[in-house]
file query_37.cif (mmCIF, C-alpha atoms)
data_query
#
loop_
_atom_site.label_atom_id
_atom_site.label_comp_id
_atom_site.auth_asym_id
_atom_site.auth_seq_id
_atom_site.Cartn_x
_atom_site.Cartn_y
_atom_site.Cartn_z
CA MET A 1 -27.82 -2.83 23.93
CA ALA A 2 -28.41 -5.98 25.97
CA SER A 3 -30.78 -4.06 28.23
CA ALA A 4 -32.58 -2.64 25.20
CA MET A 5 -33.31 -6.17 24.02
CA ASP A 6 -35.57 -6.58 27.05
CA LEU A 7 -37.80 -3.69 25.96
CA VAL A 8 -40.76 -5.14 24.09
CA GLY A 9 -42.50 -1.86 23.27
CA ASN A 10 -42.52 0.02 19.98
CA PRO A 11 -41.25 3.58 20.58
CA SER A 12 -44.17 4.93 18.54
CA SER A 13 -46.72 3.38 20.92
CA VAL A 14 -48.19 5.38 23.80
CA HIS A 15 -48.55 2.53 26.31
CA ALA A 16 -46.03 2.08 29.11
CA GLU A 17 -43.90 -0.36 27.16
CA GLY A 18 -43.78 1.98 24.18
CA ARG A 19 -42.90 4.95 26.36
CA ALA A 20 -39.99 2.99 27.87
CA ALA A 21 -38.60 2.29 24.41
CA LYS A 22 -39.20 5.90 23.39
CA GLY A 23 -37.33 7.10 26.46
CA LEU A 24 -34.31 5.02 25.51
CA VAL A 25 -34.33 6.42 21.97
CA GLU A 26 -34.58 9.99 23.23
CA ARG A 27 -31.74 9.43 25.69
CA ALA A 28 -29.55 8.23 22.82
CA ARG A 29 -30.61 11.22 20.74
CA ALA A 30 -29.38 13.54 23.49
CA GLN A 31 -26.09 11.61 23.77
CA VAL A 32 -25.41 11.95 20.03
CA ALA A 33 -26.39 15.63 20.11
CA GLN A 34 -23.91 16.26 22.91
CA LEU A 35 -21.08 14.76 20.86
CA VAL A 36 -21.62 16.98 17.81
CA GLY A 37 -22.86 20.11 19.56
CA CYS A 38 -26.44 20.31 18.36
CA SER A 39 -29.87 20.14 19.96
CA SER A 40 -31.58 16.78 20.38
CA ASN A 41 -34.37 17.56 17.94
CA GLN A 42 -31.79 18.07 15.19
CA VAL A 43 -30.72 14.39 15.32
CA ILE A 44 -32.49 12.08 12.87
CA PHE A 45 -31.65 8.39 13.27
CA THR A 46 -31.06 6.43 10.06
CA SER A 47 -29.72 3.03 9.03
CA GLY A 48 -26.24 4.53 8.63
CA ALA A 49 -24.27 7.43 7.19
CA THR A 50 -25.11 6.35 3.63
CA GLU A 51 -28.84 6.78 4.19
CA ALA A 52 -28.17 10.02 6.07
CA ALA A 53 -26.21 11.30 3.06
CA ALA A 54 -29.05 10.36 0.69
CA LEU A 55 -31.55 12.16 2.91
CA ALA A 56 -29.36 15.28 2.93
CA VAL A 57 -28.86 15.23 -0.86
CA ALA A 58 -32.61 14.88 -1.36
CA GLN A 59 -33.02 18.31 0.25
CA LYS A 60 -31.21 20.08 -2.60
CA HIS A 61 -34.60 21.30 -3.81
CA ALA A 62 -34.83 23.38 -0.65
CA HIS A 63 -31.52 25.05 -1.51
CA GLY A 64 -32.43 25.96 -5.06
CA GLY A 65 -30.02 24.12 -7.31
CA MET A 66 -27.66 21.26 -8.02
CA PHE A 67 -25.77 19.01 -5.62
CA ALA A 68 -22.00 18.69 -6.03
CA ALA A 69 -19.25 16.70 -4.33
CA PHE A 70 -15.49 16.79 -4.48
CA GLY A 71 -13.86 13.84 -6.23
CA SER A 72 -12.26 12.83 -2.95
CA GLU A 73 -15.56 12.49 -1.09
CA HIS A 74 -17.05 9.16 -0.04
CA GLU A 75 -19.07 7.29 -2.66
CA CYS A 76 -22.27 7.96 -0.73
CA PHE A 77 -21.91 11.57 -1.90
CA VAL A 78 -20.00 11.25 -5.18
CA ASP A 79 -22.56 8.83 -6.61
CA TRP A 80 -25.26 11.48 -6.15
CA SER A 81 -23.18 14.37 -7.45
CA GLU A 82 -24.40 16.24 -10.50
CA ALA A 83 -21.05 18.00 -10.82
CA GLU A 84 -17.83 16.53 -9.45
CA LEU A 85 -15.59 19.28 -8.12
CA PRO A 86 -11.78 19.21 -8.02
CA ALA A 87 -10.45 17.62 -4.85
CA PRO A 88 -9.18 20.18 -2.34
CA TYR A 89 -6.80 17.68 -0.75
CA GLY A 90 -3.54 18.95 -2.26
CA LEU A 91 -2.53 19.99 1.22
CA ALA A 92 0.79 20.98 2.75
CA GLY A 93 2.71 20.05 -0.38
CA THR A 94 1.46 16.45 -0.37
CA VAL A 95 0.27 16.63 -3.96
CA ALA A 96 -0.45 20.01 -5.42
CA GLY A 97 0.59 22.68 -2.98
CA ASP A 98 -1.57 24.88 -0.81
CA GLY A 99 -5.01 23.47 0.00
CA GLY A 100 -6.42 26.94 -0.49
CA ALA A 101 -6.35 26.21 -4.22
CA GLY A 102 -9.25 23.88 -3.67
CA LEU A 103 -11.23 26.71 -2.16
CA VAL A 104 -10.47 28.97 -5.11
CA ALA A 105 -11.60 26.25 -7.52
CA LEU A 106 -14.79 25.79 -5.56
CA MET A 107 -15.55 29.50 -5.57
CA ASP A 108 -14.96 29.73 -9.32
CA LEU A 109 -17.32 26.85 -9.96
CA LEU A 110 -20.04 28.13 -7.72
CA CYS A 111 -19.87 31.61 -9.14
CA HIS A 112 -20.03 30.56 -12.81
CA ARG A 113 -17.32 32.98 -13.73
CA ALA A 114 -16.88 33.87 -17.37
CA GLY A 115 -14.58 31.51 -19.20
CA SER A 116 -15.07 28.75 -16.68
CA ASP A 117 -14.49 25.29 -18.09
CA TRP A 118 -17.07 23.81 -15.75
CA LYS A 119 -18.44 20.79 -17.61
CA ALA A 120 -21.89 21.06 -16.04
CA ASP A 121 -22.71 24.68 -16.71
CA ARG A 122 -26.35 24.55 -15.70
CA SER A 123 -28.10 26.06 -12.69
CA ALA A 124 -25.92 27.08 -9.77
CA VAL A 125 -24.65 24.53 -7.31
CA ALA A 126 -26.64 25.00 -4.13
CA LEU A 127 -25.57 22.09 -1.92
CA VAL A 128 -21.97 20.88 -1.61
CA ALA A 129 -20.59 17.86 0.26
CA MET A 130 -17.39 18.41 2.22
CA SER A 131 -15.92 15.80 4.53
CA ALA A 132 -14.28 17.11 7.67
CA ALA A 133 -11.67 14.36 7.27
CA ASN A 134 -11.05 12.06 4.35
CA SER A 135 -11.95 8.42 4.98
CA GLU A 136 -8.95 6.93 3.18
CA THR A 137 -6.11 9.27 4.02
CA GLY A 138 -7.22 10.80 7.31
CA ILE A 139 -6.37 14.24 5.93
CA MET A 140 -8.53 16.91 7.51
CA MET A 141 -10.08 19.65 5.44
CA PRO A 142 -8.28 22.95 6.15
CA LYS A 143 -10.32 25.10 8.47
CA CYS A 144 -10.26 27.89 5.89
CA VAL A 145 -11.96 25.57 3.38
CA VAL A 146 -14.74 24.34 5.64
CA PRO A 147 -17.49 26.93 5.43
CA GLY A 148 -20.91 26.51 6.76
CA ASN A 149 -23.69 28.16 4.79
CA CYS A 150 -22.24 31.29 3.27
CA ASP A 151 -22.47 33.73 0.43
CA VAL A 152 -19.72 33.79 -2.15
CA ASN A 153 -18.80 37.16 -3.60
CA ALA A 154 -19.11 36.60 -7.33
CA GLY A 155 -18.31 40.12 -8.44
CA SER A 156 -20.40 41.01 -11.47
CA ALA A 157 -22.23 37.71 -11.19
CA GLY A 158 -23.78 38.79 -7.92
CA THR A 159 -23.93 36.71 -4.79
CA VAL A 160 -24.32 32.96 -5.03
CA PRO A 161 -25.53 31.25 -1.86
CA TYR A 162 -24.63 27.62 -1.25
CA SER A 163 -25.11 25.20 1.57
CA VAL A 164 -22.92 22.43 2.91
CA VAL A 165 -23.49 18.86 4.02
CA SER A 166 -20.53 17.94 6.22
CA ASP A 167 -19.34 14.34 6.51
CA LEU A 168 -18.36 14.01 10.17
CA THR A 169 -18.15 10.21 10.00
CA GLN A 170 -14.40 10.00 10.52
CA VAL A 171 -14.01 12.98 12.85
CA ALA A 172 -16.76 12.56 15.43
CA GLY A 173 -15.42 10.82 18.50
CA LYS A 174 -11.76 11.28 17.51
CA MET A 175 -11.54 15.06 17.23
CA PRO A 176 -13.77 17.78 18.71
CA VAL A 177 -16.49 18.82 16.28
CA VAL A 178 -15.86 22.52 15.73
CA PHE A 179 -17.07 24.52 12.72
CA SER A 180 -14.79 27.35 11.65
CA GLN A 181 -17.55 29.65 10.48
CA LYS A 182 -21.28 29.04 10.43
CA ARG A 183 -22.58 25.55 10.90
CA PRO A 184 -23.32 23.53 7.77
CA SER A 185 -26.88 22.78 6.76
CA TYR A 186 -26.46 19.05 7.44
CA ALA A 187 -23.96 16.59 8.86
CA VAL A 188 -23.82 12.79 8.70
CA LEU A 189 -22.61 10.27 11.29
CA SER A 190 -22.15 6.52 11.58
CA ALA A 191 -22.29 4.65 14.89
CA HIS A 192 -19.70 2.02 14.06
CA LYS A 193 -17.04 4.69 13.52
CA LEU A 194 -17.49 5.47 17.23
CA ALA A 195 -17.09 1.81 18.21
CA GLY A 196 -20.87 1.54 18.28
CA PRO A 197 -23.00 -1.03 16.42
CA LYS A 198 -23.07 -1.33 12.65
CA GLY A 199 -26.25 -0.46 10.77
CA VAL A 200 -27.25 2.77 12.52
CA GLY A 201 -26.33 6.39 11.85
CA ALA A 202 -27.75 9.87 11.93
CA LEU A 203 -28.40 12.97 9.88
CA ILE A 204 -27.88 16.18 11.83
CA ASN A 205 -30.21 18.86 10.50
CA PHE A 206 -28.88 22.32 11.35
CA THR A 207 -31.50 24.10 9.25
CA ALA A 208 -34.69 25.62 10.56
CA GLN A 209 -36.86 23.44 8.31
CA ASP A 210 -37.52 19.73 8.73
CA PRO A 211 -36.09 17.74 5.82
CA ARG A 212 -38.53 16.12 3.42
CA ALA A 213 -38.59 12.39 4.09
CA ILE A 214 -37.38 10.00 1.38
CA LEU A 215 -38.68 6.97 3.27
CA ARG A 216 -42.40 7.51 3.80
CA GLY A 217 -45.31 5.69 5.29
CA GLY A 218 -44.83 5.55 9.03
CA GLY A 219 -44.03 9.07 10.13
CA GLN A 220 -41.34 8.07 12.62
CA GLU A 221 -38.53 10.43 13.61
CA MET A 222 -41.05 13.28 13.76
CA GLY A 223 -42.07 12.57 10.16
CA ARG A 224 -38.53 12.97 8.84
CA ARG A 225 -37.68 9.29 8.33
CA SER A 226 -40.27 6.53 8.27
CA GLY A 227 -39.56 3.03 9.55
CA THR A 228 -39.64 1.57 13.04
CA GLU A 229 -36.57 2.75 14.92
CA ASN A 230 -33.73 0.27 15.49
CA VAL A 231 -34.04 0.65 19.25
CA ILE A 232 -31.20 -1.73 20.10
CA GLY A 233 -28.80 -0.13 17.60
CA ILE A 234 -29.81 3.38 18.64
CA ALA A 235 -29.15 2.50 22.28
CA GLY A 236 -25.65 1.37 21.32
CA PHE A 237 -25.12 4.50 19.23
CA GLY A 238 -25.97 6.72 22.17
CA ALA A 239 -23.76 4.79 24.59
CA ALA A 240 -20.87 4.90 22.10
CA ALA A 241 -21.31 8.64 21.61
CA GLU A 242 -21.19 9.22 25.36
CA ALA A 243 -18.08 7.06 25.72
CA ALA A 244 -16.45 8.83 22.76
CA GLN A 245 -17.11 12.21 24.37
CA SER A 246 -15.40 10.98 27.54
CA ASP A 247 -12.40 9.75 25.53
CA LEU A 248 -12.10 13.15 23.86
CA GLU A 249 -12.20 14.96 27.17
CA ASN A 250 -9.52 12.63 28.55
CA GLY A 251 -7.20 13.21 25.59
CA SER A 252 -7.09 9.50 24.80
CA TRP A 253 -6.54 9.97 21.07
CA ALA A 254 -3.27 11.86 21.61
CA ARG A 255 -1.69 8.54 22.59
CA VAL A 256 -3.01 6.97 19.40
CA ALA A 257 -1.46 9.75 17.30
CA LYS A 258 1.91 9.01 18.93
CA LEU A 259 1.54 5.32 18.03
CA ARG A 260 0.70 6.26 14.44
CA ASN A 261 3.91 8.31 14.29
CA ILE A 262 5.92 5.43 15.78
CA LEU A 263 4.53 3.13 13.09
CA GLU A 264 5.42 5.49 10.26
CA SER A 265 8.90 6.16 11.65
CA ALA A 266 9.62 2.44 12.01
CA ILE A 267 8.71 1.83 8.37
CA GLU A 268 10.46 4.94 7.06
CA ALA A 269 13.71 3.88 8.70
CA SER A 270 13.95 0.87 6.37
CA GLU A 271 11.68 1.62 3.43
CA LYS A 272 12.42 4.78 1.45
CA GLU A 273 10.02 4.28 -1.45
CA THR A 274 6.79 4.32 0.56
CA ILE A 275 4.82 7.55 0.60
CA PHE A 276 2.76 8.43 3.66
CA VAL A 277 -0.04 10.39 2.04
CA GLY A 278 -0.73 13.65 3.84
CA LYS A 279 1.97 13.17 6.45
CA ASP A 280 2.72 16.90 6.54
CA ALA A 281 -0.94 17.89 6.67
CA GLU A 282 -3.31 17.84 9.63
CA ARG A 283 -4.67 14.32 9.90
CA LEU A 284 -6.84 12.19 12.09
CA PRO A 285 -4.84 10.66 14.94
CA ASN A 286 -5.55 7.05 14.03
CA THR A 287 -5.09 6.83 10.26
CA THR A 288 -2.10 6.35 7.99
CA CYS A 289 -2.31 5.91 4.22
CA MET A 290 0.78 4.13 2.86
CA LEU A 291 1.46 4.16 -0.87
CA THR A 292 4.25 1.88 -2.10
CA PRO A 293 4.66 2.15 -5.90
CA GLY A 294 4.69 -1.19 -7.68
CA TRP A 295 3.14 -3.19 -4.82
CA LYS A 296 -0.63 -3.60 -5.16
CA GLY A 297 -2.69 -2.64 -2.15
CA GLU A 298 -4.86 -5.76 -2.23
CA THR A 299 -1.71 -7.92 -2.16
CA GLN A 300 -0.53 -6.12 0.95
CA VAL A 301 -3.94 -6.54 2.57
CA MET A 302 -3.86 -10.30 2.01
CA GLN A 303 -0.29 -10.69 3.23
CA MET A 304 -0.94 -8.69 6.38
CA ASP A 305 -4.11 -10.70 6.99
CA LEU A 306 -2.03 -13.88 6.97
CA SER A 307 0.17 -12.25 9.61
CA GLY A 308 -2.85 -11.45 11.78
CA PHE A 309 -3.38 -7.78 10.91
CA ALA A 310 -6.63 -6.40 9.48
CA ILE A 311 -6.00 -3.43 7.21
CA SER A 312 -7.71 -2.18 4.08
CA ALA A 313 -7.11 -0.79 0.62
CA GLY A 314 -9.28 2.29 0.32
CA SER A 315 -12.11 3.17 2.69
CA ALA A 316 -13.35 0.41 4.96
CA CYS A 317 -16.76 0.01 3.33
CA SER A 318 -15.22 -0.30 -0.13
CA SER A 319 -12.18 -2.34 0.87
CA GLY A 320 -13.51 -5.44 -0.89
CA LYS A 321 -13.36 -3.66 -4.25
CA VAL A 322 -10.14 -4.42 -6.10
CA LYS A 323 -9.48 -1.20 -7.98
CA ALA A 324 -7.36 1.92 -7.79
CA SER A 325 -8.34 4.43 -5.12
CA ARG A 326 -10.60 7.07 -6.62
CA VAL A 327 -9.69 9.38 -3.73
CA LEU A 328 -5.98 9.25 -4.45
CA GLN A 329 -6.59 9.77 -8.14
CA ALA A 330 -8.68 12.83 -7.29
CA MET A 331 -5.70 14.06 -5.27
CA GLY A 332 -3.49 13.81 -8.35
CA TYR A 333 -1.87 10.39 -8.06
CA ALA A 334 -1.57 8.22 -11.17
CA GLU A 335 -3.92 5.23 -11.40
CA ASP A 336 -1.09 2.72 -11.03
CA ASP A 337 0.18 4.40 -7.87
CA ALA A 338 -3.35 4.84 -6.51
CA SER A 339 -3.79 1.06 -6.69
CA CYS A 340 -0.77 0.55 -4.42
CA ALA A 341 -2.08 2.20 -1.28
CA ILE A 342 -3.23 0.70 2.01
CA ARG A 343 -5.00 2.28 4.95
CA VAL A 344 -3.86 1.32 8.44
CA SER A 345 -6.12 2.36 11.31
CA LEU A 346 -5.33 2.29 15.02
CA GLY A 347 -7.72 2.20 17.94
CA LEU A 348 -7.74 3.15 21.59
CA GLN A 349 -6.77 -0.41 22.52
CA THR A 350 -3.85 -0.60 20.09
CA THR A 351 -0.49 -1.06 21.83
CA GLU A 352 3.03 -0.01 20.87
CA ASP A 353 4.02 -3.68 20.69
CA GLU A 354 1.28 -4.31 18.11
CA VAL A 355 2.38 -1.31 16.07
CA LEU A 356 6.01 -2.44 16.01
CA ARG A 357 5.04 -6.02 15.18
CA PHE A 358 3.00 -4.74 12.26
CA ALA A 359 5.96 -2.71 11.02
CA ASP A 360 8.21 -5.78 11.24
CA CYS A 361 5.73 -7.99 9.37
CA TRP A 362 5.09 -5.38 6.71
CA LEU A 363 8.81 -4.77 6.15
CA ALA A 364 9.44 -8.53 5.90
CA ALA A 365 6.69 -8.83 3.28
CA ARG A 366 8.08 -5.82 1.47
CA ALA A 367 11.56 -7.40 1.35
CA LYS A 368 10.10 -10.59 -0.15
CA HIS A 369 8.22 -8.57 -2.74
CA LYS A 370 11.39 -6.76 -3.73
CA ALA A 371 13.29 -10.02 -3.99
CA ARG A 372 10.65 -11.52 -6.28
CA ALA A 373 10.56 -8.40 -8.41
CA ALA A 374 14.33 -8.53 -8.82
#

call {"tool": "encode", "arguments": {"input": "query_37.cif", "output": "structure tokens"}}
result
Amino acid sequence: MASAMDLVGNPSSVHAEGRAAKGLVERARAQVAQLVGCSSNQVIFTSGATEAAALAVAQKHAHGGMFAAFGSEHECFVDWSEAELPAPYGLAGTVAGDGGAGLVALMDLLCHRAGSDWKADRSAVALVAMSAANSETGIMMPKCVVPGNCDVNAGSAGTVPYSVVSDLTQVAGKMPVVFSQKRPSYAVLSAHKLAGPKGVGALINFTAQDPRAILRGGGQEMGRRSGTENVIGIAGFGAAAEAAQSDLENGSWARVAKLRNILESAIEASEKETIFVGKDAERLPNTTCMLTPGWKGETQVMQMDLSGFAISAGSACSSGKVKASRVLQAMGYAEDDASCAIRVSLGLQTTEDEVLRFADCWLAARAKHKARAA
């Protein structure tokens, strides 16, 4: 990024300075493509995953119907949803049994089966958002529930095609990006989730057609997203993607998963009321969602901050909002309990000593809370 600051050219210009900037952007495009397993021309740089999500949702016209998101999806999808679907995150007995139930519910909704209580019984859902891993709990979508573009057998209703926009924001760089069936139509990424700079992301377009731009006027990104490219941020995005790929190949995140388990075990040994959401399901290696009934999440965040630990209540980009987790409520938790959850994230530089110190500080704060409540 520091080197990119020395490039004075606009990547849309054809002079030497412009070509140098363009070369840097294209190098980063190839680095991001390598991480997610697509071709370079399928990477569209945006201001972040939120803009990438909006660009994907805007393509619903090309898929012939409504856009829908599960209640447990990130706000950047749920806020666009014309029909909120039941959350499929009742996994491995964490809330509501087999996660396959979420798939059944999805199929019923998409197929408009007779007697369906679907509240938005209009034209068929054509584009559905599915995160590969939930941003608050770290729970990964079961591989059987992560289709790409597929046809659903609707029996007498015929065949209903639908397409998927996959939120890879939490997965990319921590787990290999592998699609269980066909690839989705679109995927979204954010650089800062890869330890890259904030304020840059990408839409991955797996379709054969270029998406229709929602920002118009400049024709950048091959006409798919207007606005002068953030060359410095894009350079950092590419470098972070390359480093993340190396970390994956070296198995670096396996150590982080062990630290996450050490943290949970240390707390479980002394605190029996805390629920580790999704502990028995497949999760990201770096995330633990701790729900302690009767102890507000924002209170825990403030107390841990005073002890020198930065955690959050909810997803990171909504952690300043003091309200019950919509994700946990979509998973079946009561509103009061959903307001008592925190999200603790670990990184590649996190040490076992830091994890154990956090557990000690959290348990001490918990003991004080119990004493006051008594």

call {"tool": "closest_residue", "arguments": {"input": "query_37.cif", "among": "A:Asp353, A:Thr137, A:Ala240, A:Gln303", "to": "Leu291 in chain A", "atoms": "all atoms listed in the file"}}
result
A:Thr137

call {"tool": "resolve_selection", "arguments": {"input": "query_37.cif", "expression": "the PyMOL selection byres ((chain A and resi 200) around 7)", "output": "ChimeraX atom specification"}}
result
/A:46-48,190-191,197-199,201,233-234

call {"tool": "resolve_selection", "arguments": {"input": "query_37.cif", "expression": "the PyMOL selection byres ((chain A and resi 29) around 10)", "output": "PDB file with C-alpha atoms, keeping the file's coordinate frame"}}
result
ATOM      1  CA  GLY A  23     -37.330   7.100  26.460  1.00  0.00           C
ATOM      2  CA  LEU A  24     -34.310   5.020  25.510  1.00  0.00           C
ATOM      3  CA  VAL A  25     -34.330   6.420  21.970  1.00  0.00           C
ATOM      4  CA  GLU A  26     -34.580   9.990  23.230  1.00  0.00           C
ATOM      5  CA  ARG A  27     -31.740   9.430  25.690  1.00  0.00           C
ATOM      6  CA  ALA A  28     -29.550   8.230  22.820  1.00  0.00           C
ATOM      7  CA  ALA A  30     -29.380  13.540  23.490  1.00  0.00           C
ATOM      8  CA  GLN A  31     -26.090  11.610  23.770  1.00  0.00           C
ATOM      9  CA  VAL A  32     -25.410  11.950  20.030  1.00  0.00           C
ATOM     10  CA  ALA A  33     -26.390  15.630  20.110  1.00  0.00           C
ATOM     11  CA  GLN A  34     -23.910  16.260  22.910  1.00  0.00           C
ATOM     12  CA  SER A  39     -29.870  20.140  19.960  1.00  0.00           C
ATOM     13  CA  SER A  40     -31.580  16.780  20.380  1.00  0.00           C
ATOM     14  CA  ASN A  41     -34.370  17.560  17.940  1.00  0.00           C
ATOM     15  CA  GLN A  42     -31.790  18.070  15.190  1.00  0.00           C
ATOM     16  CA  VAL A  43     -30.720  14.390  15.320  1.00  0.00           C
ATOM     17  CA  ILE A  44     -32.490  12.080  12.870  1.00  0.00           C
ATOM     18  CA  PHE A  45     -31.650   8.390  13.270  1.00  0.00           C
ATOM     19  CA  ALA A 202     -27.750   9.870  11.930  1.00  0.00           C
ATOM     20  CA  ILE A 234     -29.810   3.380  18.640  1.00  0.00           C
ATOM     21  CA  ALA A 235     -29.150   2.500  22.280  1.00  0.00           C
ATOM     22  CA  PHE A 237     -25.120   4.500  19.230  1.00  0.00           C
ATOM     23  CA  GLY A 238     -25.970   6.720  22.170  1.00  0.00           C
ATOM     24  CA  ALA A 241     -21.310   8.640  21.610  1.00  0.00           C
TER      25      ALA A 241
END

call {"tool": "resolve_selection", "arguments": {"input": "query_37.cif", "expression": "the PyMOL selection byres ((chain A and resi 207) around 12)", "output": "JSON, numbers by chain"}}
result
{"A": [38, 39, 41, 42, 43, 56, 59, 62, 63, 148, 149, 163, 164, 165, 182, 183, 184, 185, 186, 187, 203, 204, 205, 206, 208, 209, 210, 211]}

call {"tool": "closest_residue", "arguments": {"input": "query_37.cif", "among": "A:Val231, A:Met331, A:Ala54, A:Leu127", "to": "Val8 in chain A", "atoms": "only C-alpha atoms"}}
result
A:Val231

call {"tool": "atom_distance", "arguments": {"input": "query_37.cif", "atom1": "CA of Cys289 in chain A", "atom2": "CA of Ala374 in chain A"}}
result
25.6 Å

call {"tool": "atom_distance", "arguments": {"input": "query_37.cif", "atom1": "CA of Asn286 in chain A", "atom2": "CA of Leu346 in chain A"}}
result
4.9 Å

call {"tool": "atom_distance", "arguments": {"input": "query_37.cif", "atom1": "CA of Gln220 in chain A", "atom2": "CA of Glu51 in chain A"}}
result
15.1 Å

call {"tool": "closest_residue", "arguments": {"input": "query_37.cif", "among": "A:Gln300, A:Gln329, A:Ser3, A:Thr288", "to": "Ala365 in chain A", "atoms": "only C-alpha atoms"}}
result
A:Gln300

call {"tool": "residues_around", "arguments": {"input": "query_37.cif", "residues": "range 249-255 of chain A", "least_positions_apart": "6", "cutoff": "7 Å", "atoms": "all atoms listed in the file", "output": "MDAnalysis selection string"}}
result
chainID A and resid 174 285 348
